[in-house]
>>> print(open('protein_39.txt').read())   # compact mmCIF, N, CA and C atoms
# COMPACT_ATOMS: atom_id res chain seq x y z
N ASP A 92 0.84 -1.18 0.00
CA ASP A 92 0.00 0.00 0.00
C ASP A 92 0.89 1.25 0.00
N ILE A 93 0.79 2.04 -1.04
CA ILE A 93 1.54 3.29 -1.16
C ILE A 93 0.53 4.43 -1.22
N PRO A 94 0.34 5.16 -0.12
CA PRO A 94 -0.73 6.15 -0.08
C PRO A 94 -0.57 7.30 -1.08
N GLU A 95 0.66 7.57 -1.55
CA GLU A 95 0.85 8.66 -2.50
C GLU A 95 0.46 8.28 -3.92
N THR A 96 0.24 7.00 -4.18
CA THR A 96 0.00 6.54 -5.54
C THR A 96 -1.40 5.97 -5.72
N THR A 97 -2.01 6.38 -6.82
CA THR A 97 -3.31 5.86 -7.24
C THR A 97 -3.10 5.17 -8.58
N VAL A 98 -3.62 3.96 -8.73
CA VAL A 98 -3.51 3.24 -9.99
C VAL A 98 -4.88 3.20 -10.65
N LEU A 99 -4.94 3.76 -11.85
CA LEU A 99 -6.17 3.72 -12.65
C LEU A 99 -6.11 2.46 -13.50
N ILE A 100 -7.23 1.76 -13.58
CA ILE A 100 -7.28 0.51 -14.35
C ILE A 100 -8.46 0.59 -15.32
N ALA A 101 -8.17 0.42 -16.61
CA ALA A 101 -9.22 0.37 -17.64
C ALA A 101 -9.58 -1.09 -17.86
N ILE A 102 -10.89 -1.39 -17.79
CA ILE A 102 -11.37 -2.76 -17.92
C ILE A 102 -12.41 -2.81 -19.02
N SER A 103 -12.32 -3.83 -19.86
CA SER A 103 -13.31 -4.07 -20.91
C SER A 103 -13.61 -5.55 -20.93
N ASP A 104 -14.89 -5.88 -20.89
CA ASP A 104 -15.31 -7.29 -20.89
C ASP A 104 -14.60 -8.11 -19.82
N GLY A 105 -14.41 -7.50 -18.65
CA GLY A 105 -13.79 -8.19 -17.54
C GLY A 105 -12.28 -8.34 -17.61
N ARG A 106 -11.67 -7.75 -18.63
CA ARG A 106 -10.21 -7.84 -18.80
C ARG A 106 -9.56 -6.48 -18.64
N ILE A 107 -8.40 -6.46 -18.02
CA ILE A 107 -7.63 -5.23 -17.90
C ILE A 107 -7.04 -4.90 -19.26
N ILE A 108 -7.34 -3.69 -19.76
CA ILE A 108 -6.83 -3.29 -21.07
C ILE A 108 -5.90 -2.08 -20.97
N GLY A 109 -5.73 -1.55 -19.77
CA GLY A 109 -4.80 -0.43 -19.60
C GLY A 109 -4.68 -0.02 -18.16
N THR A 110 -3.55 0.59 -17.82
CA THR A 110 -3.35 1.13 -16.48
C THR A 110 -2.58 2.44 -16.58
N ASN A 111 -2.71 3.23 -15.56
CA ASN A 111 -1.94 4.46 -15.41
C ASN A 111 -1.78 4.72 -13.93
N SER A 112 -0.54 4.97 -13.51
CA SER A 112 -0.28 5.28 -12.10
C SER A 112 -0.11 6.78 -11.93
N LEU A 113 -0.66 7.30 -10.85
CA LEU A 113 -0.57 8.71 -10.52
C LEU A 113 -0.01 8.83 -9.11
N THR A 114 1.04 9.61 -8.97
CA THR A 114 1.71 9.73 -7.68
C THR A 114 1.81 11.20 -7.28
N MET A 115 1.43 11.47 -6.04
CA MET A 115 1.59 12.81 -5.47
C MET A 115 3.01 12.92 -4.92
N ASP A 116 3.60 14.10 -5.07
CA ASP A 116 4.94 14.32 -4.56
C ASP A 116 4.93 14.22 -3.04
N GLY A 117 5.98 13.66 -2.50
CA GLY A 117 6.09 13.50 -1.06
C GLY A 117 7.51 13.17 -0.67
N GLU A 118 7.66 12.60 0.50
CA GLU A 118 9.01 12.31 1.01
C GLU A 118 9.80 11.36 0.12
N HIS A 119 9.13 10.55 -0.68
CA HIS A 119 9.82 9.61 -1.57
C HIS A 119 10.00 10.17 -2.98
N GLY A 120 9.52 11.39 -3.21
CA GLY A 120 9.66 12.01 -4.52
C GLY A 120 8.70 11.44 -5.54
N LEU A 121 9.05 11.62 -6.80
CA LEU A 121 8.22 11.19 -7.92
C LEU A 121 9.00 10.23 -8.82
N PRO A 122 8.32 9.35 -9.52
CA PRO A 122 9.02 8.45 -10.44
C PRO A 122 9.86 9.20 -11.49
N VAL A 123 9.42 10.36 -11.92
CA VAL A 123 10.17 11.12 -12.93
C VAL A 123 11.47 11.69 -12.38
N ASP A 124 11.64 11.68 -11.06
CA ASP A 124 12.91 12.12 -10.47
C ASP A 124 14.08 11.27 -10.96
N ALA A 125 13.83 9.99 -11.24
CA ALA A 125 14.90 9.08 -11.66
C ALA A 125 15.62 9.59 -12.91
N ASP A 126 14.89 10.20 -13.83
CA ASP A 126 15.48 10.66 -15.08
C ASP A 126 15.59 12.17 -15.19
N TYR A 127 14.80 12.89 -14.42
CA TYR A 127 14.71 14.34 -14.58
C TYR A 127 14.79 15.08 -13.25
N LYS A 128 15.62 14.64 -12.35
CA LYS A 128 15.66 15.19 -10.99
C LYS A 128 15.83 16.71 -10.95
N TRP A 129 16.80 17.25 -11.66
CA TRP A 129 17.03 18.69 -11.53
C TRP A 129 15.91 19.51 -12.14
N GLN A 130 15.26 18.99 -13.21
CA GLN A 130 14.13 19.72 -13.79
C GLN A 130 12.92 19.69 -12.86
N VAL A 131 12.69 18.54 -12.22
CA VAL A 131 11.58 18.43 -11.28
C VAL A 131 11.84 19.31 -10.07
N ASP A 132 13.08 19.31 -9.58
CA ASP A 132 13.42 20.18 -8.45
C ASP A 132 13.23 21.66 -8.79
N LYS A 133 13.48 22.01 -10.02
CA LYS A 133 13.28 23.40 -10.46
C LYS A 133 11.79 23.78 -10.38
N VAL A 134 10.91 22.86 -10.76
CA VAL A 134 9.47 23.11 -10.67
C VAL A 134 9.05 23.15 -9.20
N ARG A 135 9.60 22.26 -8.39
CA ARG A 135 9.34 22.29 -6.94
C ARG A 135 9.72 23.64 -6.35
N ALA A 136 10.87 24.18 -6.80
CA ALA A 136 11.36 25.46 -6.28
C ALA A 136 10.42 26.61 -6.60
N GLU A 137 9.55 26.44 -7.59
CA GLU A 137 8.54 27.45 -7.91
C GLU A 137 7.41 27.44 -6.87
N GLY A 138 7.43 26.45 -5.98
CA GLY A 138 6.38 26.32 -4.98
C GLY A 138 5.18 25.53 -5.48
N ARG A 139 5.36 24.79 -6.57
CA ARG A 139 4.26 24.01 -7.15
C ARG A 139 4.05 22.73 -6.34
N LYS A 140 2.81 22.31 -6.23
CA LYS A 140 2.45 21.03 -5.64
C LYS A 140 2.35 20.05 -6.80
N LEU A 141 3.20 19.03 -6.81
CA LEU A 141 3.35 18.17 -7.98
C LEU A 141 2.67 16.81 -7.86
N ALA A 142 2.25 16.34 -9.02
CA ALA A 142 1.80 14.96 -9.20
C ALA A 142 2.44 14.47 -10.49
N ALA A 143 2.61 13.17 -10.61
CA ALA A 143 3.18 12.59 -11.83
C ALA A 143 2.29 11.47 -12.34
N SER A 144 2.12 11.46 -13.64
CA SER A 144 1.43 10.37 -14.33
C SER A 144 2.52 9.50 -14.94
N TRP A 145 2.44 8.20 -14.67
CA TRP A 145 3.50 7.32 -15.14
C TRP A 145 2.98 5.90 -15.29
N ARG A 146 3.79 5.06 -15.84
CA ARG A 146 3.44 3.66 -16.06
C ARG A 146 2.10 3.55 -16.79
N LEU A 147 1.98 4.31 -17.86
CA LEU A 147 0.80 4.26 -18.72
C LEU A 147 0.98 3.10 -19.70
N VAL A 148 0.16 2.09 -19.55
CA VAL A 148 0.29 0.87 -20.34
C VAL A 148 -1.07 0.49 -20.91
N THR A 149 -1.07 0.12 -22.20
CA THR A 149 -2.32 -0.33 -22.82
C THR A 149 -2.04 -1.54 -23.70
N GLY A 150 -3.12 -2.22 -24.03
CA GLY A 150 -3.02 -3.36 -24.94
C GLY A 150 -3.48 -2.95 -26.32
N ILE A 151 -4.27 -3.78 -26.93
CA ILE A 151 -4.66 -3.57 -28.32
C ILE A 151 -5.59 -2.38 -28.53
N HIS A 152 -6.25 -1.91 -27.50
CA HIS A 152 -7.16 -0.78 -27.62
C HIS A 152 -6.43 0.55 -27.45
N GLY A 153 -5.16 0.57 -27.65
CA GLY A 153 -4.24 1.65 -27.39
C GLY A 153 -4.75 3.07 -27.34
N ARG A 154 -5.04 3.67 -28.47
CA ARG A 154 -5.32 5.11 -28.53
C ARG A 154 -6.52 5.54 -27.68
N LYS A 155 -7.63 4.87 -27.81
CA LYS A 155 -8.83 5.22 -27.04
C LYS A 155 -8.58 5.09 -25.54
N VAL A 156 -7.92 4.02 -25.16
CA VAL A 156 -7.65 3.76 -23.75
C VAL A 156 -6.67 4.79 -23.20
N ILE A 157 -5.63 5.09 -23.97
CA ILE A 157 -4.66 6.10 -23.54
C ILE A 157 -5.35 7.44 -23.31
N LEU A 158 -6.19 7.85 -24.24
CA LEU A 158 -6.89 9.13 -24.08
C LEU A 158 -7.81 9.11 -22.86
N ALA A 159 -8.47 8.00 -22.62
CA ALA A 159 -9.34 7.90 -21.45
C ALA A 159 -8.52 7.97 -20.16
N LEU A 160 -7.40 7.26 -20.12
CA LEU A 160 -6.56 7.27 -18.93
C LEU A 160 -5.92 8.64 -18.71
N LEU A 161 -5.52 9.30 -19.78
CA LEU A 161 -4.96 10.65 -19.65
C LEU A 161 -6.02 11.64 -19.18
N SER A 162 -7.23 11.47 -19.66
CA SER A 162 -8.34 12.31 -19.20
C SER A 162 -8.54 12.12 -17.70
N CYS A 163 -8.46 10.88 -17.25
CA CYS A 163 -8.58 10.60 -15.81
C CYS A 163 -7.41 11.20 -15.04
N SER A 164 -6.23 11.26 -15.66
CA SER A 164 -5.07 11.88 -15.01
C SER A 164 -5.32 13.36 -14.78
N VAL A 165 -5.93 14.02 -15.76
CA VAL A 165 -6.25 15.44 -15.61
C VAL A 165 -7.31 15.62 -14.53
N ASP A 166 -8.31 14.74 -14.52
CA ASP A 166 -9.32 14.79 -13.45
C ASP A 166 -8.67 14.61 -12.08
N PHE A 167 -7.71 13.69 -12.00
CA PHE A 167 -6.97 13.47 -10.74
C PHE A 167 -6.29 14.76 -10.31
N LEU A 168 -5.62 15.43 -11.25
CA LEU A 168 -4.97 16.70 -10.95
C LEU A 168 -5.97 17.71 -10.41
N LEU A 169 -7.10 17.83 -11.07
CA LEU A 169 -8.10 18.82 -10.68
C LEU A 169 -8.77 18.50 -9.36
N GLN A 170 -8.86 17.23 -9.01
CA GLN A 170 -9.49 16.84 -7.75
C GLN A 170 -8.51 16.78 -6.59
N SER A 171 -7.23 16.82 -6.89
CA SER A 171 -6.22 16.77 -5.84
C SER A 171 -5.83 18.19 -5.45
N ASP A 172 -4.89 18.30 -4.53
CA ASP A 172 -4.39 19.63 -4.20
C ASP A 172 -3.14 19.97 -5.01
N ALA A 173 -2.80 19.12 -5.99
CA ALA A 173 -1.67 19.41 -6.88
C ALA A 173 -2.08 20.48 -7.88
N ASN A 174 -1.09 21.25 -8.33
CA ASN A 174 -1.39 22.23 -9.37
C ASN A 174 -0.53 22.02 -10.62
N THR A 175 0.35 21.02 -10.59
CA THR A 175 1.16 20.68 -11.76
C THR A 175 1.26 19.17 -11.90
N LEU A 176 1.00 18.70 -13.12
CA LEU A 176 1.12 17.28 -13.45
C LEU A 176 2.32 17.11 -14.37
N LEU A 177 3.21 16.18 -14.04
CA LEU A 177 4.37 15.86 -14.86
C LEU A 177 4.20 14.48 -15.46
N ILE A 178 4.68 14.33 -16.69
CA ILE A 178 4.63 13.04 -17.35
C ILE A 178 5.79 12.95 -18.33
N ALA A 179 6.45 11.80 -18.37
CA ALA A 179 7.51 11.55 -19.35
C ALA A 179 6.93 10.64 -20.42
N VAL A 180 7.03 11.09 -21.67
CA VAL A 180 6.46 10.33 -22.78
C VAL A 180 7.49 10.20 -23.90
N ASN A 181 7.22 9.29 -24.81
CA ASN A 181 8.03 9.18 -26.01
C ASN A 181 7.90 10.49 -26.80
N PRO A 182 8.99 11.00 -27.35
CA PRO A 182 8.91 12.26 -28.10
C PRO A 182 7.88 12.27 -29.23
N HIS A 183 7.55 11.10 -29.77
CA HIS A 183 6.53 11.03 -30.83
C HIS A 183 5.15 11.44 -30.32
N HIS A 184 4.94 11.40 -29.00
CA HIS A 184 3.64 11.73 -28.41
C HIS A 184 3.59 13.15 -27.83
N GLU A 185 4.70 13.85 -27.93
CA GLU A 185 4.78 15.19 -27.34
C GLU A 185 3.73 16.14 -27.92
N ALA A 186 3.60 16.17 -29.23
CA ALA A 186 2.69 17.12 -29.88
C ALA A 186 1.24 16.93 -29.45
N VAL A 187 0.80 15.68 -29.33
CA VAL A 187 -0.59 15.44 -28.94
C VAL A 187 -0.84 15.88 -27.50
N HIS A 188 0.13 15.68 -26.62
CA HIS A 188 -0.02 16.13 -25.23
C HIS A 188 -0.07 17.66 -25.16
N LYS A 189 0.74 18.30 -25.96
CA LYS A 189 0.72 19.76 -26.00
C LYS A 189 -0.62 20.27 -26.51
N ARG A 190 -1.11 19.64 -27.58
CA ARG A 190 -2.37 20.06 -28.19
C ARG A 190 -3.57 19.81 -27.25
N LEU A 191 -3.62 18.63 -26.65
CA LEU A 191 -4.76 18.27 -25.81
C LEU A 191 -4.76 18.96 -24.45
N PHE A 192 -3.58 19.09 -23.84
CA PHE A 192 -3.51 19.53 -22.45
C PHE A 192 -2.70 20.81 -22.24
N ASN A 193 -2.27 21.41 -23.35
CA ASN A 193 -1.46 22.63 -23.27
C ASN A 193 -0.19 22.40 -22.43
N MET A 194 0.40 21.22 -22.59
CA MET A 194 1.60 20.87 -21.83
C MET A 194 2.81 21.59 -22.39
N GLU A 195 3.79 21.76 -21.54
CA GLU A 195 5.06 22.39 -21.89
C GLU A 195 6.17 21.36 -21.72
N ALA A 196 7.07 21.30 -22.69
CA ALA A 196 8.23 20.40 -22.59
C ALA A 196 9.29 21.05 -21.71
N LEU A 197 9.79 20.28 -20.74
CA LEU A 197 10.82 20.78 -19.83
C LEU A 197 12.21 20.26 -20.18
N ALA A 198 12.31 19.04 -20.67
CA ALA A 198 13.60 18.44 -20.98
C ALA A 198 13.37 17.14 -21.73
N SER A 199 14.45 16.61 -22.31
CA SER A 199 14.33 15.32 -22.98
C SER A 199 15.61 14.52 -22.82
N HIS A 200 15.43 13.20 -22.93
CA HIS A 200 16.55 12.26 -22.95
C HIS A 200 16.53 11.64 -24.33
N LYS A 201 17.64 11.68 -25.01
CA LYS A 201 17.70 11.10 -26.36
C LYS A 201 17.89 9.59 -26.34
N SER A 202 18.55 9.07 -25.30
CA SER A 202 18.93 7.66 -25.34
C SER A 202 17.96 6.75 -24.61
N SER A 203 17.75 6.97 -23.31
CA SER A 203 16.89 6.04 -22.59
C SER A 203 16.37 6.63 -21.30
N MET A 204 15.34 6.00 -20.79
CA MET A 204 14.76 6.32 -19.49
C MET A 204 15.11 5.19 -18.54
N GLU A 205 15.09 5.50 -17.25
CA GLU A 205 15.30 4.48 -16.23
C GLU A 205 14.33 3.33 -16.46
N GLY A 206 14.85 2.14 -16.60
CA GLY A 206 13.99 0.96 -16.73
C GLY A 206 13.51 0.70 -18.15
N LEU A 207 13.73 1.63 -19.07
CA LEU A 207 13.29 1.44 -20.45
C LEU A 207 14.49 1.66 -21.36
N ARG A 208 15.25 0.62 -21.59
CA ARG A 208 16.45 0.74 -22.41
C ARG A 208 16.11 1.20 -23.82
N TYR A 209 16.87 2.15 -24.30
CA TYR A 209 16.76 2.66 -25.66
C TYR A 209 15.43 3.35 -25.94
N ALA A 210 14.76 3.81 -24.93
CA ALA A 210 13.49 4.51 -25.12
C ALA A 210 13.69 6.00 -24.82
N PRO A 211 13.74 6.84 -25.84
CA PRO A 211 13.87 8.27 -25.59
C PRO A 211 12.62 8.80 -24.92
N SER A 212 12.75 9.93 -24.20
CA SER A 212 11.59 10.49 -23.53
C SER A 212 11.69 12.01 -23.49
N VAL A 213 10.55 12.61 -23.25
CA VAL A 213 10.47 14.05 -23.02
C VAL A 213 9.61 14.26 -21.76
N LEU A 214 10.06 15.14 -20.88
CA LEU A 214 9.31 15.46 -19.67
C LEU A 214 8.37 16.61 -19.99
N LEU A 215 7.08 16.38 -19.75
CA LEU A 215 6.05 17.39 -20.02
C LEU A 215 5.41 17.84 -18.73
N ARG A 216 4.93 19.06 -18.76
CA ARG A 216 4.32 19.69 -17.59
C ARG A 216 2.96 20.26 -17.99
N ALA A 217 1.95 19.96 -17.18
CA ALA A 217 0.62 20.57 -17.32
C ALA A 217 0.32 21.30 -16.02
N ASP A 218 0.01 22.58 -16.14
CA ASP A 218 -0.36 23.36 -14.97
C ASP A 218 -1.86 23.57 -14.95
N ARG A 219 -2.41 23.45 -13.77
CA ARG A 219 -3.86 23.59 -13.59
C ARG A 219 -4.39 24.86 -14.25
N GLU A 220 -3.69 25.96 -14.06
CA GLU A 220 -4.19 27.25 -14.55
C GLU A 220 -4.04 27.45 -16.05
N THR A 221 -3.33 26.55 -16.75
CA THR A 221 -3.19 26.70 -18.20
C THR A 221 -3.84 25.55 -18.98
N LEU A 222 -4.58 24.68 -18.28
CA LEU A 222 -5.30 23.62 -18.98
C LEU A 222 -6.35 24.24 -19.89
N PRO A 223 -6.59 23.64 -21.05
CA PRO A 223 -7.67 24.12 -21.91
C PRO A 223 -9.02 24.06 -21.19
N GLU A 224 -9.87 24.98 -21.52
CA GLU A 224 -11.18 25.13 -20.87
C GLU A 224 -11.99 23.83 -20.84
N LYS A 225 -11.90 23.03 -21.90
CA LYS A 225 -12.71 21.80 -21.97
C LYS A 225 -12.41 20.83 -20.82
N TRP A 226 -11.23 20.89 -20.23
CA TRP A 226 -10.89 19.99 -19.13
C TRP A 226 -11.37 20.50 -17.78
N LEU A 227 -11.79 21.74 -17.72
CA LEU A 227 -12.17 22.33 -16.46
C LEU A 227 -13.65 22.16 -16.13
N ARG A 228 -14.41 21.55 -17.01
CA ARG A 228 -15.86 21.36 -16.80
C ARG A 228 -16.15 20.22 -15.89
>>> encode(input="protein_39.txt", output="structure tokens")
Amino acid sequence: DIPETTVLIAISDGRIIGTNSLTMDGEHGLPVDADYKWQVDKVRAEGRKLAASWRLVTGIHGRKVILALLSCSVDFLLQSDANTLLIAVNPHHEAVHKRLFNMEALASHKSSMEGLRYAPSVLLRADRETLPEKWLR
């Protein structure tokens, strides 16, 4: 039991088809600290209350499930006391995150992420006050 982390599970026909973990910043930090510690600390220094979306995994229903889980991540942000959501994604997905959630890129790794050999990533930031209006309803 990890009280800082919430795991979202997408289920279809009784089968798990996707998951997404959401972690509030605390004494153990955030999963994105492993790859982006100084960038995350810089956001912390702004006085932001942070949450991270991570371990987003889907099966064959990929795109629809990912969008649903990301939508739930934004809902999590809005219902929590966090005001900034961080997520590390493959650079190929950066544009869609920016378009959908008005996210800002903070940094990128060209070679790999912790635990994901040869997987490049970009750290994205969504702030509560800059989310598109459609997410605030």
>>> atom_distance(input="protein_39.txt", atom1="CA of Ser164 in chain A", atom2="CA of His152 in chain A")
18.0 Å
>>> residues_around(input="protein_39.txt", residues="Ala196 in chain A", least_positions_apart="4", cutoff="8 Å", atoms="only C-alpha atoms", output="ChimeraX atom specification")
/A:185,213-216
>>> closest_residue(input="protein_39.txt", among="A:Gly120, A:Asn174, A:Val165, A:Asn181", to="Gly138 in chain A", atoms="only C-alpha atoms")
A:Asn174
>>> closest_residue(input="protein_39.txt", among="A:Leu177, A:Leu191, A:Ile157, A:Ile108", to="Leu141 in chain A", atoms="only N, CA and C atoms")
A:Leu177
>>> select_by_dssp(input="protein_39.txt", residues="chain A", states="alpha helix (DSSP H)", output="JSON, numbers by chain")
{"A": [124, 125, 126, 127, 128, 129, 130, 131, 132, 133, 134, 135, 136, 153, 154, 155, 156, 157, 158, 159, 160, 161, 162, 163, 164, 165, 166, 167, 168, 169, 170, 185, 186, 187, 188, 189, 190, 191, 192]}
>>> closest_residue(input="protein_39.txt", among="A:Pro94, A:Pro211, A:Pro223, A:Gly150", to="Glu118 in chain A", atoms="only C-alpha atoms")
A:Pro94
>>> atom_distance(input="protein_39.txt", atom1="atom C of Val123 in chain A", atom2="atom C of Leu168 in chain A")
18.6 Å
>>> atom_distance(input="protein_39.txt", atom1="atom C of Asp116 in chain A", atom2="atom N of Ala142 in chain A")
6.9 Å
>>> closest_residue(input="protein_39.txt", among="A:Val134, A:Asp172, A:Val148, A:Ala143", to="Leu121 in chain A", atoms="only N, CA and C atoms")
A:Ala143
>>> residues_around(input="protein_39.txt", residues="Ala217 in chain A", least_positions_apart="5", cutoff="6.5 Å", atoms="only N, CA and C atoms", output="PDB file with N, CA and C atoms, keeping the file's coordinate frame")
ATOM      1  N   ASN A 174      -1.090  21.250  -8.330  1.00  0.00           N
ATOM      2  CA  ASN A 174      -1.390  22.230  -9.370  1.00  0.00           C
ATOM      3  C   ASN A 174      -0.530  22.020 -10.620  1.00  0.00           C
ATOM      4  N   THR A 175       0.350  21.020 -10.590  1.00  0.00           N
ATOM      5  CA  THR A 175       1.160  20.680 -11.760  1.00  0.00           C
ATOM      6  C   THR A 175       1.260  19.170 -11.900  1.00  0.00           C
ATOM      7  N   LEU A 176       1.000  18.700 -13.120  1.00  0.00           N
ATOM      8  CA  LEU A 176       1.120  17.280 -13.450  1.00  0.00           C
ATOM      9  C   LEU A 176       2.320  17.110 -14.370  1.00  0.00           C
ATOM     10  N   LEU A 177       3.210  16.180 -14.040  1.00  0.00           N
ATOM     11  CA  LEU A 177       4.370  15.860 -14.860  1.00  0.00           C
ATOM     12  C   LEU A 177       4.200  14.480 -15.460  1.00  0.00           C
ATOM     13  N   ILE A 178       4.680  14.330 -16.690  1.00  0.00           N
ATOM     14  CA  ILE A 178       4.630  13.040 -17.350  1.00  0.00           C
ATOM     15  C   ILE A 178       5.790  12.950 -18.330  1.00  0.00           C
ATOM     16  N   PHE A 192      -3.580  19.090 -23.840  1.00  0.00           N
ATOM     17  CA  PHE A 192      -3.510  19.530 -22.450  1.00  0.00           C
ATOM     18  C   PHE A 192      -2.700  20.810 -22.240  1.00  0.00           C
ATOM     19  N   ASN A 193      -2.270  21.410 -23.350  1.00  0.00           N
ATOM     20  CA  ASN A 193      -1.460  22.630 -23.270  1.00  0.00           C
ATOM     21  C   ASN A 193      -0.190  22.400 -22.430  1.00  0.00           C
ATOM     22  N   MET A 194       0.400  21.220 -22.590  1.00  0.00           N
ATOM     23  CA  MET A 194       1.600  20.870 -21.830  1.00  0.00           C
ATOM     24  C   MET A 194       2.810  21.590 -22.390  1.00  0.00           C
ATOM     25  N   GLU A 195       3.790  21.760 -21.540  1.00  0.00           N
ATOM     26  CA  GLU A 195       5.060  22.390 -21.890  1.00  0.00           C
ATOM     27  C   GLU A 195       6.170  21.360 -21.720  1.00  0.00           C
ATOM     28  N   LEU A 222      -4.580  24.680 -18.280  1.00  0.00           N
ATOM     29  CA  LEU A 222      -5.300  23.620 -18.980  1.00  0.00           C
ATOM     30  C   LEU A 222      -6.350  24.240 -19.890  1.00  0.00           C
TER      31      LEU A 222
END
>>> residues_around(input="protein_39.txt", residues="His183 in chain A", least_positions_apart="3", cutoff="8 Å", atoms="all atoms listed in the file", output="PDB file with N, CA and C atoms, keeping the file's coordinate frame")
ATOM      1  N   VAL A 180       7.030  11.090 -21.670  1.00  0.00           N
ATOM      2  CA  VAL A 180       6.460  10.330 -22.780  1.00  0.00           C
ATOM      3  C   VAL A 180       7.490  10.200 -23.900  1.00  0.00           C
ATOM      4  N   ALA A 186       3.600  16.170 -29.230  1.00  0.00           N
ATOM      5  CA  ALA A 186       2.690  17.120 -29.880  1.00  0.00           C
ATOM      6  C   ALA A 186       1.240  16.930 -29.450  1.00  0.00           C
ATOM      7  N   VAL A 187       0.800  15.680 -29.330  1.00  0.00           N
ATOM      8  CA  VAL A 187      -0.590  15.440 -28.940  1.00  0.00           C
ATOM      9  C   VAL A 187      -0.840  15.880 -27.500  1.00  0.00           C
ATOM     10  N   HIS A 188       0.130  15.680 -26.620  1.00  0.00           N
ATOM     11  CA  HIS A 188      -0.020  16.130 -25.230  1.00  0.00           C
ATOM     12  C   HIS A 188      -0.070  17.660 -25.160  1.00  0.00           C
ATOM     13  N   PRO A 211      13.740   6.840 -25.840  1.00  0.00           N
ATOM     14  CA  PRO A 211      13.870   8.270 -25.590  1.00  0.00           C
ATOM     15  C   PRO A 211      12.620   8.800 -24.920  1.00  0.00           C
ATOM     16  N   SER A 212      12.750   9.930 -24.200  1.00  0.00           N
ATOM     17  CA  SER A 212      11.590  10.490 -23.530  1.00  0.00           C
ATOM     18  C   SER A 212      11.690  12.010 -23.490  1.00  0.00           C
ATOM     19  N   VAL A 213      10.550  12.610 -23.250  1.00  0.00           N
ATOM     20  CA  VAL A 213      10.470  14.050 -23.020  1.00  0.00           C
ATOM     21  C   VAL A 213       9.610  14.260 -21.760  1.00  0.00           C
TER      22      VAL A 213
END
>>> select_by_dssp(input="protein_39.txt", residues="chain A", states="strand (DSSP E)", output="JSON, numbers by chain")
{"A": [96, 97, 98, 99, 100, 101, 102, 103, 106, 107, 108, 109, 110, 111, 112, 113, 114, 115, 141, 142, 143, 144, 145, 146, 147, 148, 149, 175, 176, 177, 178, 179, 180, 195, 196, 197, 198, 199, 200, 212, 213, 214, 215, 216, 217, 218]}
>>> closest_residue(input="protein_39.txt", among="A:Leu169, A:Ala198, A:Lys155, A:Asp218", to="Gln130 in chain A", atoms="all atoms listed in the file")
A:Ala198
>>> residues_near_point(input="protein_39.txt", point="(0.2, 9.8, -6.9)", cutoff="6 Å", atoms="only C-alpha atoms", output="ChimeraX atom specification")
/A:95-97,113-115,142
>>> residues_around(input="protein_39.txt", residues="Ala101 in chain A", least_positions_apart="6", cutoff="12 Å", atoms="only C-alpha atoms", output="ChimeraX atom specification")
/A:107-112,147-150,152-153,155-161,163
>>> write_last_selection(input="protein_39.txt", atoms="N, CA and C atoms", output="compact mmCIF listing (two decimals), keeping the file's coordinate frame")
# COMPACT_ATOMS: atom_id res chain seq x y z
N ILE A 107 -8.40 -6.46 -18.02
CA ILE A 107 -7.63 -5.23 -17.90
C ILE A 107 -7.04 -4.90 -19.26
N ILE A 108 -7.34 -3.69 -19.76
CA ILE A 108 -6.83 -3.29 -21.07
C ILE A 108 -5.90 -2.08 -20.97
N GLY A 109 -5.73 -1.55 -19.77
CA GLY A 109 -4.80 -0.43 -19.60
C GLY A 109 -4.68 -0.02 -18.16
N THR A 110 -3.55 0.59 -17.82
CA THR A 110 -3.35 1.13 -16.48
C THR A 110 -2.58 2.44 -16.58
N ASN A 111 -2.71 3.23 -15.56
CA ASN A 111 -1.94 4.46 -15.41
C ASN A 111 -1.78 4.72 -13.93
N SER A 112 -0.54 4.97 -13.51
CA SER A 112 -0.28 5.28 -12.10
C SER A 112 -0.11 6.78 -11.93
N LEU A 147 1.98 4.31 -17.86
CA LEU A 147 0.80 4.26 -18.72
C LEU A 147 0.98 3.10 -19.70
N VAL A 148 0.16 2.09 -19.55
CA VAL A 148 0.29 0.87 -20.34
C VAL A 148 -1.07 0.49 -20.91
N THR A 149 -1.07 0.12 -22.20
CA THR A 149 -2.32 -0.33 -22.82
C THR A 149 -2.04 -1.54 -23.70
N GLY A 150 -3.12 -2.22 -24.03
CA GLY A 150 -3.02 -3.36 -24.94
C GLY A 150 -3.48 -2.95 -26.32
N HIS A 152 -6.25 -1.91 -27.50
CA HIS A 152 -7.16 -0.78 -27.62
C HIS A 152 -6.43 0.55 -27.45
N GLY A 153 -5.16 0.57 -27.65
CA GLY A 153 -4.24 1.65 -27.39
C GLY A 153 -4.75 3.07 -27.34
N LYS A 155 -7.63 4.87 -27.81
CA LYS A 155 -8.83 5.22 -27.04
C LYS A 155 -8.58 5.09 -25.54
N VAL A 156 -7.92 4.02 -25.16
CA VAL A 156 -7.65 3.76 -23.75
C VAL A 156 -6.67 4.79 -23.20
N ILE A 157 -5.63 5.09 -23.97
CA ILE A 157 -4.66 6.10 -23.54
C ILE A 157 -5.35 7.44 -23.31
N LEU A 158 -6.19 7.85 -24.24
CA LEU A 158 -6.89 9.13 -24.08
C LEU A 158 -7.81 9.11 -22.86
N ALA A 159 -8.47 8.00 -22.62
CA ALA A 159 -9.34 7.90 -21.45
C ALA A 159 -8.52 7.97 -20.16
N LEU A 160 -7.40 7.26 -20.12
CA LEU A 160 -6.56 7.27 -18.93
C LEU A 160 -5.92 8.64 -18.71
N LEU A 161 -5.52 9.30 -19.78
CA LEU A 161 -4.96 10.65 -19.65
C LEU A 161 -6.02 11.64 -19.18
N CYS A 163 -8.46 10.88 -17.25
CA CYS A 163 -8.58 10.60 -15.81
C CYS A 163 -7.41 11.20 -15.04
>>> closest_residue(input="protein_39.txt", among="A:Arg139, A:Lys201, A:Lys189, A:Arg106", to="Ala173 in chain A", atoms="only C-alpha atoms")
A:Arg139
